[in-house]
Each structure stands twice: as structure tokens, then as C-alpha cells.
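For reference, the structure discussed in these notes is given below.
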2 protein chains.
Amino acid sequence: MTVARQPNNRRSKPGGPKTAPRARRPRDSLSQETILAAAEEIALRDGLHALTFQAIGDALGAHPTSLYRHFRDKDELVLELVDGLRARSYGGTVTATDDWRADMRTISQRVREHYVRYAPFAQEMVMRTTRRPVEFANVEFTLDALRRAGLDDDEVVVMQRALGNFVRSVASLEAATLALEPDVRRRDELAWQVEYRQLDPETYPTIAELADRLPSLGAPEAFDVGLELMLDAIEMRAARSRARRGESVEHPGDE
Amino acid sequence: MTVARQPNNRRSKPGGPKTAPRARRPRDSLSQETILAAAEEIALRDGLHALTFQAIGDALGAHPTSLYRHFRDKDELVLELVDGLRARSYGGTVTATDDWRADMRTISQRVREHYVRYAPFAQEMVMRTTRRPVEFANVEFTLDALRRAGLDDDEVVVMQRALGNFVRSVASLEAATLALEPDVRRRDELAWQVEYRQLDPETYPTIAELADRLPSLGAPEAFDVGLELMLDAIEMRAARSRARRGESVEHPGDE
DNA sequence: ACCTGAACACCGTTCAAGT
DNA sequence: ACCTGAACACCGTTCAAGT
């Protein structure tokens with residue numbers, strides 16, 4: 001919200017000295033692709049708040065309003081951008097192995113890497129369904145893996161949602177902390193290393209004992225540990241479902 | 001991003017007809033509390049995007065810029081608001097029982113209800129450490145519960161982070177989908193009920209089979225199921241840790 | 001048809017002026 | 001000291017005008 005002030009070097013300011021009209025861009029030199037490429041670079045370099053039509057226009061040497069010929073509004077531009085990133089990032093379909101846990105790890109880490117890589121868009125990505133091939137492929141892959149784990153179909157659909165939401169939202173949280181203003185982020189991280197150690201041991205006895213080891217909010221272990229917990233629990237349920245169906249069970253809960 | 005246009009009924013527009021000066025607010029009638037109360041009402045009624053100094057000023061019959069005497073900038077106002085909500089929502093400390101799982105459920109659902117209730121702030125809340133008593137109390141409570149579960153201290157700190165991040169981020173996702181523009185939300189939910197059923201069974205065989213039962217993105221089961229999975233897995237690990245320490249184990253993995 | 005320029009209705013924020 | 005008014009530097013967006 002606190003925006004750094006910049007000198008106004010916009011051309012043709014209301015009463016200012018007349019400057020030469022901007023160089024005219026050649027016809028048809030603008031397209032969705034060129035615009036999206038410029039937009040991506042700006043957002044990844046300077047953050048989502050810096051992604052304005054003005055900035056994109058400047059980067060392309062084009063008038064800000066010329067973008068309206070290629071996108072209905074900014075929302076459409078951002079959604080299109082997000083979708084393009086997704087297609088590129090984990091477009092190559094993951095092929096299933098005979099180990100469903102390994103498969104779930106692979107696809108989950110892929111989603112996570114994508115969020116971290118495109119951190120400025122994490123919040124935008126996490127809650128929108130894109131309904132594109134990449135999303136379909138991910139859902140298909142996960143449903144199949146959970147079936148191979150041995151879950152009943154009833155369990156499969158609900159576990160897919162539970163696991164999928166876990167992966168996307170925890171990845172998004174990790175990414176969002178990365179995209180935080182550097183000084184805010186440093187202050188927040190410091191809190192877990194400093195402030196928590198100085199709390200009164202009377203009121204917070206357990207914190208006082210463990211303060212030296214508390215990981216900060218964006219700590220990457222949170223994802224890996226959480227994922228393994230989920231997979232452990234799913235494996236356990238799958239073993240029960242298998243047993244219920246009268247199938248042979250091989251070492252439930254062991255690794 | 002697509003903002004509805006409204007007629008300009010701002011007073012004293014640049015060249016417009018002179019209107020009577022605004023009624024002057026009595027001295028000291030403004031305070032952090034009155035401002036925050038008005039801000040909360042606006043955000044909860046019309047969403048975060050509608051929370052502007054202009055809107056708060058209108059609600060209070062005060063000049064927008066008068067708020068700057070009480071808050072450094074908008075960021076500070078929002079953070080203060082978020083912190084106040086938190087203190088009020090689950091300020092009453094949860095008291096531990098002899099059942100760590102029940103305790104973890106209680107505190108997790110409390111956090112979740114808070115996110116859903118204050119959905120417009122979910123994204124803002126999820127990634128910021130507030131370093132206030134309520135947060136400290138939650139951490140203390142969770143660390144203690146995980147210890148009582150039987151985890152080693154090394155495990156306790158990392159599980160606290162994994163579980164805490166799970167709860168906050170999945171709750172935030174649920175809340176964020178609730179706070180989505182109604183028509184966007186409806187379209188997204190519909191996708192899971194309609195579009196997924198129409199996919200080609202050749203390329204997406206598992207989806208085709210299970211499409212009737214796929215829950216949508218913001219489905220509330222995702223939280224409950226995920227939480228039970230996490231608790232199951234933690235219970236299993238705790239049993240192992242107990243055994244490693246030579247303590248008696250009582251039915252690990254059963255409910 | 002595609003791009004530009006001017007204009008409009010907003011934002012957050014600063015600062016001098018009123019009471 | 002606290003509130004108001006005017007102004008500044010931005011936003012997204014529309015629309016008539018240029019080429």
C-alpha cells in the first residue's frame with residue numbers, strides 16, 4: 001500500500017511543455033504473446049503491484065490504452081498470464097510409475113516449484129480453477145495414483161480434494177512469504193528467532209523450552225513434512241480399505 | 001479489477017457548482033476504534049476492494065484525509081484491523097483436555113472459523129505474523145498438545161509448523177473462494193459439476209469414471225479430511241517415538 | 001484495423017490552511 | 001491539536017481522433 005513516489009516523467013502533462021509525440025508503433029506489432037511476455041517480466045522482476053498497463057506500455061514502447069485491443073481488461077490479462085505460466089511450467093505430463101507415493105511426491109513438488117517460481121501470482125493461482133488441459137491432466141493423474149494406492153472410489157475423490165488443496169495452499173503460502181516486501185519478510189522471520197525466545201517462561205513454558213528450534217512461517221520443511229504426513233495417513237487408510245475388500249495387505253504404515 | 005462505474009457525487013468537483021462545505025466533525029470524535037469499526041463493516045459488507053479512505057470517511061462523515069492522523073498509512077490500518085479481529089475472535093484461551101487430538105481439532109476449527117468469518121482478510125492474515133498474545137497462546141497450546149501426543153521435541157517443532165501451515169493455508173483457501181466475486185465463484189464451482197463430466201473418457205478415463213463425485217475447490221470437507229489425515233499420521237509417528245523411548249504404546253493408529 | 005491522446009472516475013498520500 | 005481542502009502522482013478504463 002505504501003507506494004514509493006516517483007517523479008512524473010509522463011509525456012504531455014496537462015499544462016507542461018509540449019514534448020514530441022511518441023514514436024508510433026508499427027501496425028500489428030502488438031499481440032497477446034508479446035504483451036504477456038512483457039507483463040511476465042515486469043511482474044517477476046518488480047512484483048504484481050508493479051504490473052500496470054502503463055508499465056507494460058513503457059516496456060513495449062506502446063501506449064497503455066493500446067492493450068485494450070488485445071485484452072478486455074486487466075483481470076483477463078492476469079488470468080491469461082497465469083494460465084500460460086501453468087501450461088509452460090508443468091506442461092510435460094508426468095508418467096506414472098508403479099509407486100503411487102513417488103508419483104504423488106513428483107506431481108506435488110512440481111506444483112510447489114511452480115508456485116515458488118511464480119511467487120507473485122501465487123495468491124491469484126491458488127483459488128482459481130483454470131479448466132485447461134494441464135489442470136485436467138493433474139486431476140487425472142492424482143485420481144489414478146490414489147486408486148493405485150488402494151483407496152475405495154469414495155475415498156479417492158475426497159482425498160484428491162484434500163491432498164490437492166493441501167498442496168496448492170501450502171505451496172501458495174510458502175510462495176506468498178517469498179513475495180513479501182523484503183523488509184516485512186525479514187522482520188517476520190526475525191520474530192521467530194528473536195521475539196519468541198524472549199517470551200515469559202511462566203505464561204509460555206513450552207515455547208520457552210523449544211524457542212531455539214521454532215521454524216519461521218515460510219520454512220520449506222513445512223511442505224515436505226506435511227506432504228509425508230498426508231501420504232502416510234492415506235497409505236494407512238488404503239491398507240484398511242484393501243483389507244476390507246479382502247485384498248492382501250503388505251506392511252501397512254511401514255516405509 | 002473490473003470496477004463498476006459510479007456517478008461522481010464527490011463534493012467540490014474541480015469546476016462544478018460550489019456546494020456547502022462539509023459539516024465539520026466535532027473535535028476528538030475520531031479514534032482508532034471508531035475508524036476500525038467502520039472499516040470492518042465496509043470490508044465485511046462490500047469486500048476488501050471497497051475498503052478505501054474515501055469510503056471510511058463517508059461512513060463516518062469525516063474527511064478521508066483525517067484518517068492519517070490516526071494511522072500512518074493504509075497498510076497499518078489493515079494490519080491493525082486484522083489483529084483486532086483475531087484478538088476478538090479466538091481471544092478466549094482454549095483449555096487443554098486429556099485428549100490431544102480433540103484439543104488440536106478444537107483449536108484448528110477455531111482458526112478455520114475465524115478465516116471463514118473474516119473471509120475478505122484471509123489472504124492478508126495467512127502470511128503475516130502478528131506477534132501478539134493470541135498468536136503466542138496458539139503456538140504454546142499446539143506445542144504442548146503435540147508433546148502430549150508423544151512426539152520427541154525435535155518432531156514437535158516441525159510438526160507444529162507443518163500442521164499450523166496446513167490449518168491456516170487451507171482455511172485461507174476455503175475463505176478466499178467464499179470471498180470470490182459471486183459469479184466467478186459460481187462459474188468455478190460449476191466447472192467441477194459440469195465441465196469435468198464432459199471430458200473425453202479416452203484421455204481422462206479416471207475423471208470420466210469419478211466425475212459425478214468430484215467436490216469443488218472450496219469444498220469444506222477438504223479441511224476436515226485433511227486435518228484428520230494429519231492427526232492420524234502424527235499419532236502414528238508419536239507411537240513410534242514412544243516405542244523408541246521405551247514407553248508403553250496404546251493402540252497406535254486406532255480411533 | 002490498429003494505435004494514440006485526452007479525458008474521466010477513481011485511488012493513496014502530502015501539506016498548507018482553517019477552527 | 002484535530003479536521004478540512006486542495007493538490008499530486010498515480011491507477012484502470014472509455015472514446016474520439018489520427019494513420
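Residues in the C-alpha cells are named by chain (A, B, ... in the order shown) and by number from 1 within that chain; ligands are numbered from 1 in the order shown.
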
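For His70 (chain B), the residues within 7 Å (counting only C-alpha atoms (C1' of nucleotides), excluding itself and residues fewer than 2 positions away along the chain) are Ser31, Gln32, Leu67, Tyr68 and Arg72 of chain B.
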
(Q) Using only C-alpha atoms (C1' of nucleotides) and a distance of at most 9 Å, pull out the residues of chain C that contact chain B, as a list in words. (A)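 Applying the cut-off to the listed atoms yields DA9, DC11, DG12 and DT13 of chain C.
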
As a CSV table (one decimal) with C-alpha atoms, in the first residue's frame, please: chain B after a least-squares superposition onto chain A using all C-alpha atoms matched in order.
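Ended up saving to selection25.csv:
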chain,number,residue,atom,x,y,z
B,1,MET,CA,0.0,-0.1,0.0
B,2,THR,CA,2.8,2.3,0.8
B,3,VAL,CA,3.9,3.2,-2.7
B,4,ALA,CA,7.2,4.9,-3.4
B,5,ARG,CA,6.8,8.2,-5.0
B,6,GLN,CA,8.4,8.8,-8.4
B,7,PRO,CA,8.9,11.9,-10.4
B,8,ASN,CA,6.4,12.3,-13.1
B,9,ASN,CA,8.0,11.7,-16.4
B,10,ARG,CA,4.8,11.0,-18.1
B,11,ARG,CA,4.7,12.7,-21.5
B,12,SER,CA,2.3,15.6,-22.3
B,13,LYS,CA,1.4,16.5,-18.7
B,14,PRO,CA,-1.7,18.7,-18.5
B,15,GLY,CA,-0.1,22.1,-18.6
B,16,GLY,CA,3.5,21.1,-19.1
B,17,PRO,CA,5.8,21.9,-22.1
B,18,LYS,CA,4.8,20.1,-25.3
B,19,THR,CA,7.0,17.1,-26.0
B,20,ALA,CA,7.3,15.3,-29.3
B,21,PRO,CA,4.4,12.8,-29.8
B,22,ARG,CA,5.4,9.3,-29.0
B,23,ALA,CA,7.0,7.2,-31.8
B,24,ARG,CA,4.2,5.3,-33.4
B,25,ARG,CA,4.4,1.5,-33.1
B,26,PRO,CA,4.2,-0.3,-36.4
B,27,ARG,CA,0.9,-1.9,-37.2
B,28,ASP,CA,0.2,-5.4,-35.8
B,29,SER,CA,3.5,-5.3,-33.9
B,30,LEU,CA,1.4,-6.0,-30.7
B,31,SER,CA,0.0,-9.3,-29.9
B,32,GLN,CA,-1.2,-11.3,-26.9
B,33,GLU,CA,2.1,-13.1,-26.7
B,34,THR,CA,4.3,-10.0,-26.8
B,35,ILE,CA,2.2,-8.3,-24.3
B,36,LEU,CA,2.1,-11.3,-21.9
B,37,ALA,CA,5.9,-11.7,-22.2
B,38,ALA,CA,6.4,-8.1,-21.2
B,39,ALA,CA,3.9,-8.4,-18.4
B,40,GLU,CA,5.5,-11.6,-17.0
B,41,GLU,CA,8.9,-9.9,-16.9
B,42,ILE,CA,7.6,-6.9,-15.1
B,43,ALA,CA,5.7,-8.9,-12.5
B,44,LEU,CA,8.5,-11.3,-11.9
B,45,ARG,CA,11.1,-8.5,-11.6
B,46,ASP,CA,9.1,-5.9,-9.6
B,47,GLY,CA,6.1,-7.8,-8.2
B,48,LEU,CA,2.4,-7.9,-9.0
B,49,HIS,CA,1.8,-4.4,-7.8
B,50,ALA,CA,4.1,-3.0,-10.4
B,51,LEU,CA,2.2,-4.7,-13.2
B,52,THR,CA,0.2,-1.8,-14.7
B,53,PHE,CA,-0.9,-1.0,-18.2
B,54,GLN,CA,1.4,2.0,-18.0
B,55,ALA,CA,4.4,-0.2,-17.2
B,56,ILE,CA,3.6,-2.8,-19.9
B,57,GLY,CA,3.2,0.0,-22.4
B,58,ASP,CA,6.5,1.6,-21.4
B,59,ALA,CA,8.3,-1.8,-21.8
B,60,LEU,CA,6.8,-2.2,-25.2
B,61,GLY,CA,7.1,1.4,-26.3
B,62,ALA,CA,3.3,1.4,-26.8
B,63,HIS,CA,0.5,3.5,-25.5
B,64,PRO,CA,-1.1,1.9,-22.4
B,65,THR,CA,-4.5,2.0,-23.8
B,66,SER,CA,-3.4,0.0,-26.9
B,67,LEU,CA,-3.5,-3.1,-24.7
B,68,TYR,CA,-7.3,-2.9,-24.6
B,69,ARG,CA,-7.4,-4.1,-28.2
B,70,HIS,CA,-5.9,-7.4,-27.0
B,71,PHE,CA,-7.4,-7.9,-23.6
B,72,ARG,CA,-10.8,-7.0,-22.4
B,73,ASP,CA,-9.5,-5.8,-19.1
B,74,LYS,CA,-6.7,-6.3,-16.6
B,75,ASP,CA,-8.3,-9.3,-15.0
B,76,GLU,CA,-8.3,-11.1,-18.3
B,77,LEU,CA,-4.7,-10.3,-18.9
B,78,VAL,CA,-3.7,-11.6,-15.5
B,79,LEU,CA,-5.7,-14.8,-15.9
B,80,GLU,CA,-4.3,-15.4,-19.3
B,81,LEU,CA,-0.8,-14.9,-18.0
B,82,VAL,CA,-1.3,-17.3,-15.1
B,83,ASP,CA,-2.7,-19.9,-17.4
B,84,GLY,CA,0.3,-19.5,-19.8
B,85,LEU,CA,2.8,-19.9,-16.9
B,86,ARG,CA,1.1,-23.0,-15.8
B,87,ALA,CA,1.0,-24.6,-19.2
B,88,ARG,CA,4.7,-23.9,-19.7
B,89,SER,CA,5.8,-24.9,-16.2
B,90,TYR,CA,4.5,-28.4,-15.8
B,91,GLY,CA,3.1,-29.0,-19.2
B,92,GLY,CA,5.1,-32.1,-19.8
B,93,THR,CA,2.8,-34.8,-18.5
B,94,VAL,CA,4.1,-36.8,-15.6
B,95,THR,CA,4.2,-40.5,-16.3
B,96,ALA,CA,3.0,-42.9,-13.7
B,97,THR,CA,5.4,-45.4,-12.1
B,98,ASP,CA,4.5,-48.5,-10.1
B,99,ASP,CA,4.9,-46.4,-6.9
B,100,TRP,CA,1.9,-44.2,-6.1
B,101,ARG,CA,3.7,-42.4,-3.3
B,102,ALA,CA,6.6,-41.5,-5.5
B,103,ASP,CA,4.1,-40.3,-8.1
B,104,MET,CA,2.3,-38.1,-5.6
B,105,ARG,CA,5.6,-36.7,-4.5
B,106,THR,CA,6.6,-35.9,-8.0
B,107,ILE,CA,3.5,-34.1,-9.0
B,108,SER,CA,3.2,-32.3,-5.7
B,109,GLN,CA,6.7,-31.0,-5.8
B,110,ARG,CA,6.1,-29.9,-9.4
B,111,VAL,CA,3.1,-27.9,-8.4
B,112,ARG,CA,5.1,-26.4,-5.5
B,113,GLU,CA,8.1,-25.4,-7.6
B,114,HIS,CA,5.7,-23.7,-9.9
B,115,TYR,CA,4.2,-21.6,-7.1
B,116,VAL,CA,7.6,-20.7,-5.8
B,117,ARG,CA,8.9,-19.8,-9.2
B,118,TYR,CA,6.0,-17.6,-10.0
B,119,ALA,CA,5.5,-16.3,-6.4
B,120,PRO,CA,3.9,-13.0,-7.3
B,121,PHE,CA,1.0,-14.9,-8.8
B,122,ALA,CA,0.6,-17.4,-6.1
B,123,GLN,CA,-2.4,-15.9,-4.4
B,124,GLU,CA,-4.1,-15.5,-7.8
B,125,MET,CA,-3.4,-19.0,-8.8
B,126,VAL,CA,-4.4,-20.8,-5.7
B,127,MET,CA,-8.1,-20.2,-5.8
B,128,ARG,CA,-8.9,-20.2,-9.4
B,129,THR,CA,-9.9,-23.1,-11.5
B,130,THR,CA,-8.4,-22.7,-15.0
B,131,ARG,CA,-10.2,-25.6,-16.6
B,132,ARG,CA,-7.4,-26.2,-19.0
B,133,PRO,CA,-5.6,-29.4,-20.2
B,134,VAL,CA,-2.8,-29.1,-17.6
B,135,GLU,CA,-5.3,-29.0,-14.8
B,136,PHE,CA,-7.3,-31.9,-16.1
B,137,ALA,CA,-4.1,-33.9,-16.5
B,138,ASN,CA,-3.1,-33.2,-12.9
B,139,VAL,CA,-6.5,-34.3,-11.6
B,140,GLU,CA,-6.5,-37.4,-13.7
B,141,PHE,CA,-3.0,-38.3,-12.6
B,142,THR,CA,-3.8,-37.8,-8.9
B,143,LEU,CA,-7.1,-39.7,-9.0
B,144,ASP,CA,-5.4,-42.6,-10.7
B,145,ALA,CA,-2.5,-42.6,-8.2
B,146,LEU,CA,-4.9,-42.7,-5.2
B,147,ARG,CA,-6.7,-45.5,-6.7
B,148,ARG,CA,-3.5,-47.4,-7.2
B,149,ALA,CA,-2.8,-46.7,-3.5
B,150,GLY,CA,-5.8,-48.9,-2.8
B,151,LEU,CA,-8.5,-46.4,-1.7
B,152,ASP,CA,-12.1,-47.0,-2.4
B,153,ASP,CA,-13.6,-44.7,-5.1
B,154,ASP,CA,-15.5,-42.7,-2.4
B,155,GLU,CA,-12.3,-42.1,-0.6
B,156,VAL,CA,-10.4,-41.3,-3.8
B,157,VAL,CA,-12.4,-38.2,-4.7
B,158,VAL,CA,-12.4,-36.7,-1.3
B,159,MET,CA,-8.7,-37.4,-0.7
B,160,GLN,CA,-7.9,-35.9,-4.1
B,161,ARG,CA,-9.5,-32.7,-3.0
B,162,ALA,CA,-7.9,-32.8,0.5
B,163,LEU,CA,-4.5,-33.5,-0.9
B,164,GLY,CA,-4.8,-31.1,-3.8
B,165,ASN,CA,-5.9,-28.3,-1.6
B,166,PHE,CA,-3.1,-29.0,0.9
B,167,VAL,CA,-0.5,-28.9,-1.9
B,168,ARG,CA,-1.8,-25.8,-3.6
B,169,SER,CA,-2.5,-23.8,-0.5
B,170,VAL,CA,0.7,-24.6,1.5
B,171,ALA,CA,2.8,-24.0,-1.6
B,172,SER,CA,1.0,-20.7,-2.1
B,173,LEU,CA,1.7,-19.7,1.5
B,174,GLU,CA,5.4,-20.5,1.0
B,175,ALA,CA,5.5,-18.5,-2.2
B,176,ALA,CA,3.5,-15.6,-0.7
B,177,THR,CA,6.0,-15.2,2.1
B,178,LEU,CA,8.8,-15.2,-0.5
B,179,ALA,CA,7.0,-12.4,-2.4
B,180,LEU,CA,6.6,-10.3,0.7
B,181,GLU,CA,8.4,-7.0,0.8
B,182,PRO,CA,11.9,-7.9,1.8
B,183,ASP,CA,12.0,-5.8,5.0
B,184,VAL,CA,8.6,-7.1,6.1
B,185,ARG,CA,9.7,-10.6,5.5
B,186,ARG,CA,12.9,-10.1,7.4
B,187,ARG,CA,11.1,-8.7,10.4
B,188,ASP,CA,8.6,-11.6,10.4
B,189,GLU,CA,11.3,-14.2,10.2
B,190,LEU,CA,13.3,-12.5,12.9
B,191,ALA,CA,10.3,-12.7,15.2
B,192,TRP,CA,10.5,-16.5,15.2
B,193,GLN,CA,14.2,-16.3,16.0
B,194,VAL,CA,14.2,-13.5,18.5
B,195,GLU,CA,10.9,-12.4,19.9
B,196,TYR,CA,9.7,-15.9,20.7
B,197,ARG,CA,12.8,-16.5,22.8
B,198,GLN,CA,12.1,-13.5,24.9
B,199,LEU,CA,8.6,-14.6,26.0
B,200,ASP,CA,7.8,-15.0,29.6
B,201,PRO,CA,8.5,-18.7,30.6
B,202,GLU,CA,5.7,-18.5,33.2
B,203,THR,CA,2.9,-17.9,30.6
B,204,TYR,CA,4.5,-19.7,27.7
B,205,PRO,CA,6.5,-22.6,29.2
B,206,THR,CA,6.6,-24.8,26.2
B,207,ILE,CA,7.6,-22.0,23.8
B,208,ALA,CA,10.3,-21.0,26.3
B,209,GLU,CA,11.7,-24.6,26.2
B,210,LEU,CA,11.5,-25.0,22.4
B,211,ALA,CA,12.1,-21.5,21.2
B,212,ASP,CA,15.6,-22.2,19.9
B,213,ARG,CA,14.1,-24.6,17.3
B,214,LEU,CA,11.0,-22.9,16.1
B,215,PRO,CA,11.0,-22.7,12.2
B,216,SER,CA,9.6,-19.5,10.7
B,217,LEU,CA,6.4,-19.1,8.8
B,218,GLY,CA,7.7,-19.7,5.3
B,219,ALA,CA,10.0,-22.6,6.3
B,220,PRO,CA,10.3,-25.0,3.4
B,221,GLU,CA,10.2,-28.1,5.7
B,222,ALA,CA,6.6,-27.4,6.4
B,223,PHE,CA,5.6,-28.5,2.9
B,224,ASP,CA,7.7,-31.7,2.8
B,225,VAL,CA,6.7,-32.8,6.3
B,226,GLY,CA,3.1,-32.0,5.7
B,227,LEU,CA,3.1,-33.9,2.5
B,228,GLU,CA,4.7,-37.0,4.0
B,229,LEU,CA,2.1,-36.9,6.8
B,230,MET,CA,-0.7,-36.8,4.3
B,231,LEU,CA,0.7,-39.7,2.3
B,232,ASP,CA,1.3,-41.7,5.5
B,233,ALA,CA,-2.3,-41.3,6.5
B,234,ILE,CA,-3.6,-42.1,3.1
B,235,GLU,CA,-1.4,-45.3,2.9
B,236,MET,CA,-2.9,-46.3,6.3
B,237,ARG,CA,-6.4,-45.8,5.1
B,238,ALA,CA,-5.8,-47.6,1.8
B,239,ALA,CA,-4.5,-50.6,3.7
B,240,ARG,CA,-7.7,-50.7,5.7
B,241,SER,CA,-9.8,-50.3,2.5
B,242,ARG,CA,-7.8,-53.1,0.9
B,243,ALA,CA,-8.4,-55.3,3.9
B,244,ARG,CA,-12.1,-54.5,3.9
B,245,ARG,CA,-12.2,-55.6,0.3
B,246,GLY,CA,-10.4,-58.8,1.2
B,247,GLU,CA,-7.2,-57.9,-0.7
B,248,SER,CA,-3.8,-58.8,0.6
B,249,VAL,CA,-2.1,-56.1,2.6
B,250,GLU,CA,1.6,-55.5,2.4
B,251,HIS,CA,3.2,-53.8,5.4
B,252,PRO,CA,0.8,-50.9,6.0
B,253,GLY,CA,2.4,-47.9,7.5
B,254,ASP,CA,6.0,-49.0,6.9
B,255,GLU,CA,8.4,-47.2,4.6

Q. What are the DSSP alpha helix (DSSP H) residues of region 26-55 of chain A, as a PyMOL selection string?
A. chain A and resi 32-46+53-55

Those selected residues, please, written with N, CA, C and O atoms and delivered as a compact mmCIF listing (two decimals), in the first residue's frame.
# COMPACT_ATOMS: atom_id res chain seq x y z
N GLN A 32 -1.09 -10.68 -28.22
CA GLN A 32 -1.24 -11.22 -26.88
C GLN A 32 0.09 -11.74 -26.35
O GLN A 32 0.47 -11.47 -25.22
N GLU A 33 0.82 -12.45 -27.21
CA GLU A 33 2.08 -13.05 -26.75
C GLU A 33 3.11 -12.01 -26.33
O GLU A 33 3.70 -12.10 -25.26
N THR A 34 3.32 -11.01 -27.19
CA THR A 34 4.33 -10.00 -26.84
C THR A 34 3.94 -9.26 -25.57
O THR A 34 4.78 -8.97 -24.72
N ILE A 35 2.66 -8.97 -25.45
CA ILE A 35 2.19 -8.25 -24.26
C ILE A 35 2.36 -9.11 -23.01
O ILE A 35 2.88 -8.65 -21.99
N LEU A 36 1.98 -10.38 -23.11
CA LEU A 36 2.10 -11.27 -21.96
C LEU A 36 3.56 -11.47 -21.56
O LEU A 36 3.88 -11.54 -20.37
N ALA A 37 4.43 -11.55 -22.55
CA ALA A 37 5.85 -11.72 -22.24
C ALA A 37 6.37 -10.53 -21.46
O ALA A 37 7.07 -10.67 -20.45
N ALA A 38 6.01 -9.34 -21.90
CA ALA A 38 6.44 -8.12 -21.19
C ALA A 38 5.84 -8.09 -19.79
O ALA A 38 6.51 -7.76 -18.81
N ALA A 39 4.57 -8.45 -19.70
CA ALA A 39 3.88 -8.44 -18.41
C ALA A 39 4.55 -9.40 -17.43
O ALA A 39 4.76 -9.07 -16.26
N GLU A 40 4.88 -10.57 -17.92
CA GLU A 40 5.53 -11.56 -17.06
C GLU A 40 6.84 -11.04 -16.51
O GLU A 40 7.12 -11.17 -15.32
N GLU A 41 7.62 -10.45 -17.38
CA GLU A 41 8.92 -9.95 -16.95
C GLU A 41 8.77 -8.89 -15.86
O GLU A 41 9.47 -8.92 -14.85
N ILE A 42 7.84 -8.00 -16.06
CA ILE A 42 7.61 -6.94 -15.08
C ILE A 42 7.17 -7.52 -13.73
O ILE A 42 7.72 -7.18 -12.68
N ALA A 43 6.20 -8.40 -13.76
CA ALA A 43 5.66 -8.96 -12.52
C ALA A 43 6.71 -9.76 -11.76
O ALA A 43 6.82 -9.67 -10.54
N LEU A 44 7.50 -10.54 -12.51
CA LEU A 44 8.51 -11.37 -11.86
C LEU A 44 9.66 -10.53 -11.32
O LEU A 44 10.27 -10.87 -10.31
N ARG A 45 9.94 -9.43 -11.99
CA ARG A 45 11.04 -8.57 -11.55
C ARG A 45 10.61 -7.64 -10.42
O ARG A 45 11.28 -7.53 -9.41
N ASP A 46 9.44 -7.01 -10.57
CA ASP A 46 9.06 -5.95 -9.64
C ASP A 46 7.84 -6.26 -8.79
O ASP A 46 7.43 -5.44 -7.98
N PHE A 53 -0.79 -1.21 -16.77
CA PHE A 53 -0.83 -1.02 -18.22
C PHE A 53 0.22 0.00 -18.64
O PHE A 53 0.82 -0.10 -19.71
N GLN A 54 0.41 0.97 -17.78
CA GLN A 54 1.44 1.97 -18.02
C GLN A 54 2.81 1.30 -18.16
O GLN A 54 3.55 1.56 -19.11
N ALA A 55 3.13 0.43 -17.20
CA ALA A 55 4.44 -0.22 -17.18
C ALA A 55 4.62 -1.14 -18.39
O ALA A 55 5.69 -1.16 -19.02

Q. At what distance in Å, to one decimal, does C1' of DA6 (chain D) lie from C1' of DC8 (chain C)?
A.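 If I compute the distance from C1' of DC8 (chain C) to C1' of DA6 (chain D), I get 18.9 Å.
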